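Colleague: Here it is, the structure in full.
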Amino acid sequence: FREVQKSIKDSVKSLLERKIQVFGLSELFTITNNSIICNKNGVEFIFNGLLDHTLDSIKSIDNLKIIWIEEAQAISKQSISIIEPTVIRNNNSSILYTWNPKFEISPIHQHLIVNPPEKTKIVNITYLDNPFLNSSALSEINDMKRRDYKEYLHVYKGNFKQQNDNAIWKKEIIDQHRIKLCPSVFTKIAIGVDPAKRSRKGENDEWGIVAAGIDNSGRAIVLEDASGNYTPEQAS
């Protein structure tokens, strides 16, 4: 699964097909337009986007044993709440999340790192753990390390991005204006919403959702930032 998958071309299906051929395993699998089936035990690989599903539609997929969520840094809290109860009801089932860390506030980081469920196993992997890394790729990595060390730490070492590249309000400015004690009375409270637009690939941009209030002195205070990647239904 991915959070958004508008076409089978967006999935890892083509990668798995290539690996089956490279390792000479073609006779063991039947490859269809939408799935890969193991001829030996009947296990079927299916490829879907989570935003296209509800709790009921996920439940209708019979006998899910292993779910792989790719690009999990983009997964929403809503999708996590849909997929995990479905898997739990199957005996000896498991979920594998793989992702490149982006922001510390991302739902997947909060769910698995900050407050992980029982029996969660975290494995941190970087390019240094790749035995097949070729010299050309290593040269590019070292070049980025020399030119833009912060970006190198994010792209190749898994460090968080400190802020969105297109952010209007930079993190250092926000930190300078943080307050320790929030007023208990406000003369006005407002909710600001900046809806996402659809990209050419059909993926959602991030929704901007902020709650703010004005205290008795006329000072505007941001109370909560609930921005994130949502469908229109989730955002409402």
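How things are named: the first chain in the structure tokens is A, the next is B, and so on; residues count from 1 in each chain; ligands count from 1 in the order shown.
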Would you kindly return, as a list in words, each protein, DNA or RNA residue with an atom no farther than 9 Å from any atom of Ser93 of chain A, considering only C-alpha atoms and excluding same-chain residues fewer than 6 positions away?
Modeller: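 Listed by chain and then number, they are Leu64, Lys65, Ile66, Ile67 and Val87 of chain A.
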Colleague: Put those residues in a file: N, CA and C atoms, as a PDB file, in the first residue's frame.
Modeller:
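To be explicit, this is the file written out as result01.pdb:
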ATOM      1  N   LEU A  64      -5.606 -10.842   4.955  1.00  0.00           N
ATOM      2  CA  LEU A  64      -4.359 -10.094   4.845  1.00  0.00           C
ATOM      3  C   LEU A  64      -3.378 -10.587   5.904  1.00  0.00           C
ATOM      4  N   LYS A  65      -2.185 -10.976   5.486  1.00  0.00           N
ATOM      5  CA  LYS A  65      -1.182 -11.504   6.413  1.00  0.00           C
ATOM      6  C   LYS A  65      -0.031 -10.525   6.632  1.00  0.00           C
ATOM      7  N   ILE A  66       0.481  -9.987   5.544  1.00  0.00           N
ATOM      8  CA  ILE A  66       1.580  -9.016   5.642  1.00  0.00           C
ATOM      9  C   ILE A  66       1.195  -7.792   4.821  1.00  0.00           C
ATOM     10  N   ILE A  67       1.229  -6.635   5.459  1.00  0.00           N
ATOM     11  CA  ILE A  67       0.954  -5.388   4.753  1.00  0.00           C
ATOM     12  C   ILE A  67       2.227  -4.548   4.756  1.00  0.00           C
ATOM     13  N   VAL A  87      -5.550  -5.515  10.342  1.00  0.00           N
ATOM     14  CA  VAL A  87      -4.500  -6.528  10.371  1.00  0.00           C
ATOM     15  C   VAL A  87      -4.520  -7.295  11.689  1.00  0.00           C
TER      16      VAL A  87
END
Colleague: Select from segment 45-197 of chain A everything DSSP, run on the backbone, classes as strand (DSSP E), then give the selection as a list in words.
Modeller: Phe45, Ile46, Ile66, Ile67, Trp68, Ile69, Ser94, Ile95, Leu96, Tyr97, Lys188, Ile189, Ala190, Ile191, Gly192, Val193 and Asp194 of chain A
Colleague: Among segment 128-221 of chain A, which residues does DSSP mark as helix (DSSP H, G or I) when it is run on the backbone? Keep the chain and numbering as in the structure and answer as a PyMOL selection string.
Modeller: chain A and resi 128-129+135-147+149-157+171-176
Colleague: Identify, on the basis of only C-alpha atoms, every residue whose closest approach to segment 213-227 of chain A does not exceed 12 Å; exclude the query and any residue fewer than 5 positions from it along the same chain; express the result as a ChimeraX atom specification.
Modeller: /A:76-77,105-107,174,177-196,205-208,234-236
Colleague: Using only C-alpha atoms, which of A:Asn130, A:Gln176, A:Asn159, A:Asn39 sits nearest Phe103 of chain A?
Modeller: A:Asn159
Colleague: Atom CA of Glu104 of chain A and atom CA of Ala74 of chain A, how far apart in Å?
Modeller: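 Atom-to-atom, atom CA of Ala74 of chain A and atom CA of Glu104 of chain A are spaced 12.1 Å apart.
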Colleague: Which residues are close to segment 119-128 of chain A, i.e. within 8 Å by only C-alpha atoms, leaving aside same-chain residues fewer than 3 positions away? Reply as JSON, numbers by chain.
Modeller: {"A": [112, 113, 116, 131, 133, 156, 157, 158]}
Colleague: Looking at only C-alpha atoms, which of A:Ile36, A:Ile31, A:Ile80, A:Asn142 is the one that sits closest to Gln110 of chain A?
Modeller: A:Ile80
Colleague: Might you pull out every residue within 9 Å of Phe29 of chain A, with only C-alpha atoms counted and same-chain residues fewer than 3 positions away left off, and present them as a PyMOL selection string?
Modeller: chain A and resi 20+25-26+36-40
